[in-house]
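Notes to accompany the following structure.
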Amino acid sequence: MIHTWLLAQNTFRESLRDRLLSTLMFFGGIFVCASVVVAPLTLGQQDRIIRDLGLSSVAIFTILMIVMVGTGMVYREIERKTIHTILTQPVGRPSFILGKFLGLYGTVLVAIATLSAFWLGVVGLFGGGLHLYLFEAIAMVAMEAAIVTAVAIFFSSIASPLLSAVFTFLVWISGHLAHDLKMLTARAENPILDFVVEGLYLVLPSLHHFHVRNNILSGANLSQDQMLWGFAYCCLYCIAVLILTVLAFARRDFE
Amino acid sequence: MAAPLIDVRGITKVFRSDLLKRPKEALRGVDLTVHEGEIFGFLGPNGAGKTTTIKILLGLIRPTSGSGTLLGQPFGSVEARRDLGFLPDSPNFYRYLTARELLRFFGRLHDLAATDLSRRIDEVLDRVGLADDARERQLRTYSRGMLQRVGIAAAILHRPRLVILDEPMNGLDPLGRHEFRDLILQLKSEGITVFLSSHVLADIESTADRVAILNEGKVVRIASLSEILATEERSYEIAFEVEAMALASFAQGLSSLKPGARGWIANAREMDEANRVVRTILESGGKLFAYHPRRLSLEDVFVQHVAASRETKAPAVATKTAPPAAVEVHERSAQASKRSESGVHS
């Protein structure tokens, strides 16, 4: 376990020193603050717009960071052959994958915390003050980010950065649309379509659970069940994806 | 006798990278053993399969068939890697780490105590000659030679029982190569076994106790260096000058005939053949400048083995594409006759 932790620390340090991450954080901060400029354009809805646009900026820039930094993470190690110097240390391949995931997720959490601090500052000053549901929304963004990070690490260990970026992004989009798609096809009464969509629904992450925009707009707290269910689902999905990644990675030759 | 540190039995590896490409047979039944305390030279031309063999030992790739052990454990065992140091052929490390940070990271992966680690890091960096001012710089600013030095430091940081070095002299300047040869000998004196893979024969000849020559995925010779050099046939070198017309008459049977600083230099594998050439030179009124037996260097042995295994593999192709040595000698002597007749002399 100590080796996994060391690998995670190293990944975290490497990712934080990556200039791409600081660039994305900079633009994410600008977008969060821009909600203050856009809000006056809507009559009587300024507070809601500041809350909504700000949270959306935090969520979208978090996903962008995962896609741009995370999807090449394992692949780059193979391509640059740094993996040869790591996997010849007393480190198992599962520890390597888990270390990469934890290190990247640690970086993502720092990014979420930084952007959220901006957002909470803006909401506190211009968006009607701080409330519990704002922190709950941040927790949901962090859980969604964990799932997307696991998916990014999976694709990164089997495909090139470009392909894994495309696949991760598609999984993220489909994860948000899967629930709506299931509801639509239920009305079509087509058993084959039902079967296919049901299969996709099971495989794709149900990210709509983590989308709490309505709560933010209405100013309602999330239920304890919703939080707990989200946390349990996030943990189980991440574990399943990481097991798949470890299995795929265990059979790879590093030429 | 103690169990070998490396024991490889009948390893084969076939790469099937692309559906449309033919599978590439990288290793064709490699057998070798490396014993504790020796420096083992692993020789082979580019593409012979040296790095593939090493990667199989380390568990980075899986063999198609065959088996073996590294430090008494199956290939790829995490346990074996605790006593192993490895320098890859082109070491690449995390670009944003400094040399100290990297070695601290590796040291902690080997469970080295934090209190000893700083002292040990300075010790190995001193040993590989990495300048003080470079130690706190990020590795992305390093030259290839500096990365090689950091790689060597990382390989010996945890005082391993076995060090596997894949082309360790790459990127080192002549002084660095000399220092590194000394370091390999020091490691041996400390009881560390060294597996040294290289295509630079001088490096192996000056350090190794035993040598394996790998060609086209197969070990074509494995023996102690002294045994290889002692048992391999010698050659006889003859320096002389004769009339151009006479040259062609005795060129057949020589392994090589080339222009020297003064006249010609011939090489014969057999003493009888050399004696015949000397007689012919004297009978034809030529001048004999030198006649001496020459011990073969590792390079000569290596070239002979590689050439022989290639000829064995594809004799038909060889006869079609490459002229036999005698024909080559005749051609050269014919060219020499022409040069001599036209007054050009080398």
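In the structure tokens, each chain is lettered A, B, ... as it comes, each chain's residues begin at 1, and ligands are numbered from 1 in order of appearance.
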**OP:** Identify, with DSSP run on backbone atoms, the residues in segment 30-100 of chain A assigned to alpha helix (DSSP H), and express the list as an MDAnalysis selection string.
**Re:** chainID A and resid 30:38 46:65 73:79 82:86 93:100
Write out the residues from the selection above, keeping C-alpha atoms, as a PDB file, in the first residue's frame.
```pdb
ATOM      1  CA  ILE A  30     -11.929  33.553 -15.417  1.00  0.00           C
ATOM      2  CA  PHE A  31     -15.120  31.713 -16.426  1.00  0.00           C
ATOM      3  CA  VAL A  32     -16.289  31.462 -12.798  1.00  0.00           C
ATOM      4  CA  CYS A  33     -15.728  35.166 -12.290  1.00  0.00           C
ATOM      5  CA  ALA A  34     -17.335  35.973 -15.670  1.00  0.00           C
ATOM      6  CA  SER A  35     -20.712  34.876 -14.261  1.00  0.00           C
ATOM      7  CA  VAL A  36     -20.747  38.190 -12.357  1.00  0.00           C
ATOM      8  CA  VAL A  37     -20.492  40.064 -15.656  1.00  0.00           C
ATOM      9  CA  VAL A  38     -23.153  37.961 -17.410  1.00  0.00           C
ATOM     10  CA  GLN A  46     -28.798  37.334 -11.054  1.00  0.00           C
ATOM     11  CA  ASP A  47     -28.227  35.189  -7.972  1.00  0.00           C
ATOM     12  CA  ARG A  48     -29.362  31.998  -9.698  1.00  0.00           C
ATOM     13  CA  ILE A  49     -27.309  32.714 -12.804  1.00  0.00           C
ATOM     14  CA  ILE A  50     -24.181  33.403 -10.756  1.00  0.00           C
ATOM     15  CA  ARG A  51     -24.676  30.126  -8.864  1.00  0.00           C
ATOM     16  CA  ASP A  52     -25.537  28.104 -11.981  1.00  0.00           C
ATOM     17  CA  LEU A  53     -22.910  29.465 -14.381  1.00  0.00           C
ATOM     18  CA  GLY A  54     -20.234  29.290 -11.711  1.00  0.00           C
ATOM     19  CA  LEU A  55     -20.942  25.663 -10.825  1.00  0.00           C
ATOM     20  CA  SER A  56     -21.138  24.714 -14.515  1.00  0.00           C
ATOM     21  CA  SER A  57     -17.743  26.340 -15.067  1.00  0.00           C
ATOM     22  CA  VAL A  58     -16.257  24.390 -12.156  1.00  0.00           C
ATOM     23  CA  ALA A  59     -17.734  21.111 -13.485  1.00  0.00           C
ATOM     24  CA  ILE A  60     -16.761  21.653 -17.138  1.00  0.00           C
ATOM     25  CA  PHE A  61     -13.202  22.773 -16.390  1.00  0.00           C
ATOM     26  CA  THR A  62     -12.782  19.821 -14.056  1.00  0.00           C
ATOM     27  CA  ILE A  63     -13.749  17.440 -16.852  1.00  0.00           C
ATOM     28  CA  LEU A  64     -11.491  19.314 -19.288  1.00  0.00           C
ATOM     29  CA  MET A  65      -8.566  18.895 -16.872  1.00  0.00           C
ATOM     30  CA  MET A  73      -1.181   9.796 -18.216  1.00  0.00           C
ATOM     31  CA  VAL A  74      -0.489   6.053 -18.515  1.00  0.00           C
ATOM     32  CA  TYR A  75       0.058   6.146 -22.273  1.00  0.00           C
ATOM     33  CA  ARG A  76       2.789   8.788 -21.913  1.00  0.00           C
ATOM     34  CA  GLU A  77       4.577   6.600 -19.374  1.00  0.00           C
ATOM     35  CA  ILE A  78       4.593   3.771 -21.917  1.00  0.00           C
ATOM     36  CA  GLU A  79       5.531   6.021 -24.838  1.00  0.00           C
ATOM     37  CA  THR A  82       9.378   5.899 -17.912  1.00  0.00           C
ATOM     38  CA  ILE A  83       7.301   2.831 -17.136  1.00  0.00           C
ATOM     39  CA  HIS A  84      10.420   0.676 -17.643  1.00  0.00           C
ATOM     40  CA  THR A  85      12.106   2.364 -14.699  1.00  0.00           C
ATOM     41  CA  ILE A  86       8.986   2.156 -12.513  1.00  0.00           C
ATOM     42  CA  ARG A  93       1.155  -3.346 -11.882  1.00  0.00           C
ATOM     43  CA  PRO A  94      -2.063  -2.961  -9.825  1.00  0.00           C
ATOM     44  CA  SER A  95      -0.205  -0.553  -7.476  1.00  0.00           C
ATOM     45  CA  PHE A  96       0.940   1.435 -10.495  1.00  0.00           C
ATOM     46  CA  ILE A  97      -2.625   1.854 -11.816  1.00  0.00           C
ATOM     47  CA  LEU A  98      -4.043   2.645  -8.399  1.00  0.00           C
ATOM     48  CA  GLY A  99      -1.224   5.132  -7.739  1.00  0.00           C
ATOM     49  CA  LYS A 100      -1.896   6.856 -11.062  1.00  0.00           C
TER      50      LYS A 100
END
```
Subject >> 6 Å contacts from chain A to chain B using only C-alpha atoms, as a PyMOL selection string >> reply: chain A and resi 3+82+89-90+253-254
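If you look at atom CA of Met227 of chain A and atom CA of Pro205 of chain A, they are 16.2 Å away from each other.
Note that the spacing between atom CA of Ala8 of chain A and atom CA of Val91 of chain A amounts to 12.4 Å.
Coordinates place atom CA of Leu162 of chain B at a distance of 7.6 Å from atom CA of Leu5 of chain B.
Neighbours of Arg28 of chain B closer than or equal to 10 Å, with only C-alpha atoms counted and sequence neighbours fewer than 2 positions away skipped, come out as Gly10, Ile11, Thr12, Lys13, Val14, Glu25, Ala26, Val30, Asp31, Gly49, Thr64, Ser65, Gly66, Asn215, Glu216, Gly217, Lys218 and Val219 of chain B.
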Original post:
Skipping near chain neighbours, those fewer than 5 positions away, what residues fall within 7 Å of segment 126-130 of chain B using only C-alpha atoms, listed as a PyMOL selection string?
Top reply: chain B and resi 146+149+153
Store the residues picked out above, limited to C-alpha atoms, as a compact mmCIF listing (two decimals), in the first residue's frame.
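What ended up in out-v2.txt:
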```
# COMPACT_ATOMS: atom_id res chain seq x y z
CA MET B 146 23.64 13.21 -17.42
CA ARG B 149 24.56 8.93 -14.89
CA ALA B 153 22.89 5.99 -9.68
```
**OP:** Could you pull out the residues in segment 109-309 of chain B that DSSP calls strand (DSSP E or B) from the backbone, as a PyMOL selection string?
**Re:** chain B and resi 138+162-166+193-198+210-215+218-224+235-241+256-259+264-268+287-294
Original post:
With only C-alpha atoms as the basis for distance, which of B:Gly47, B:Thr33, B:Ser206, B:Glu38 is at the shortest distance from Thr69 of chain B?
Top reply: B:Thr33
Subject >> Residues near Ser284 of chain B, cut-off 9 Å, only C-alpha atoms, skip fewer than 6 positions along chain, as an MDAnalysis selection string >> reply: chainID B and resid 242:243 246
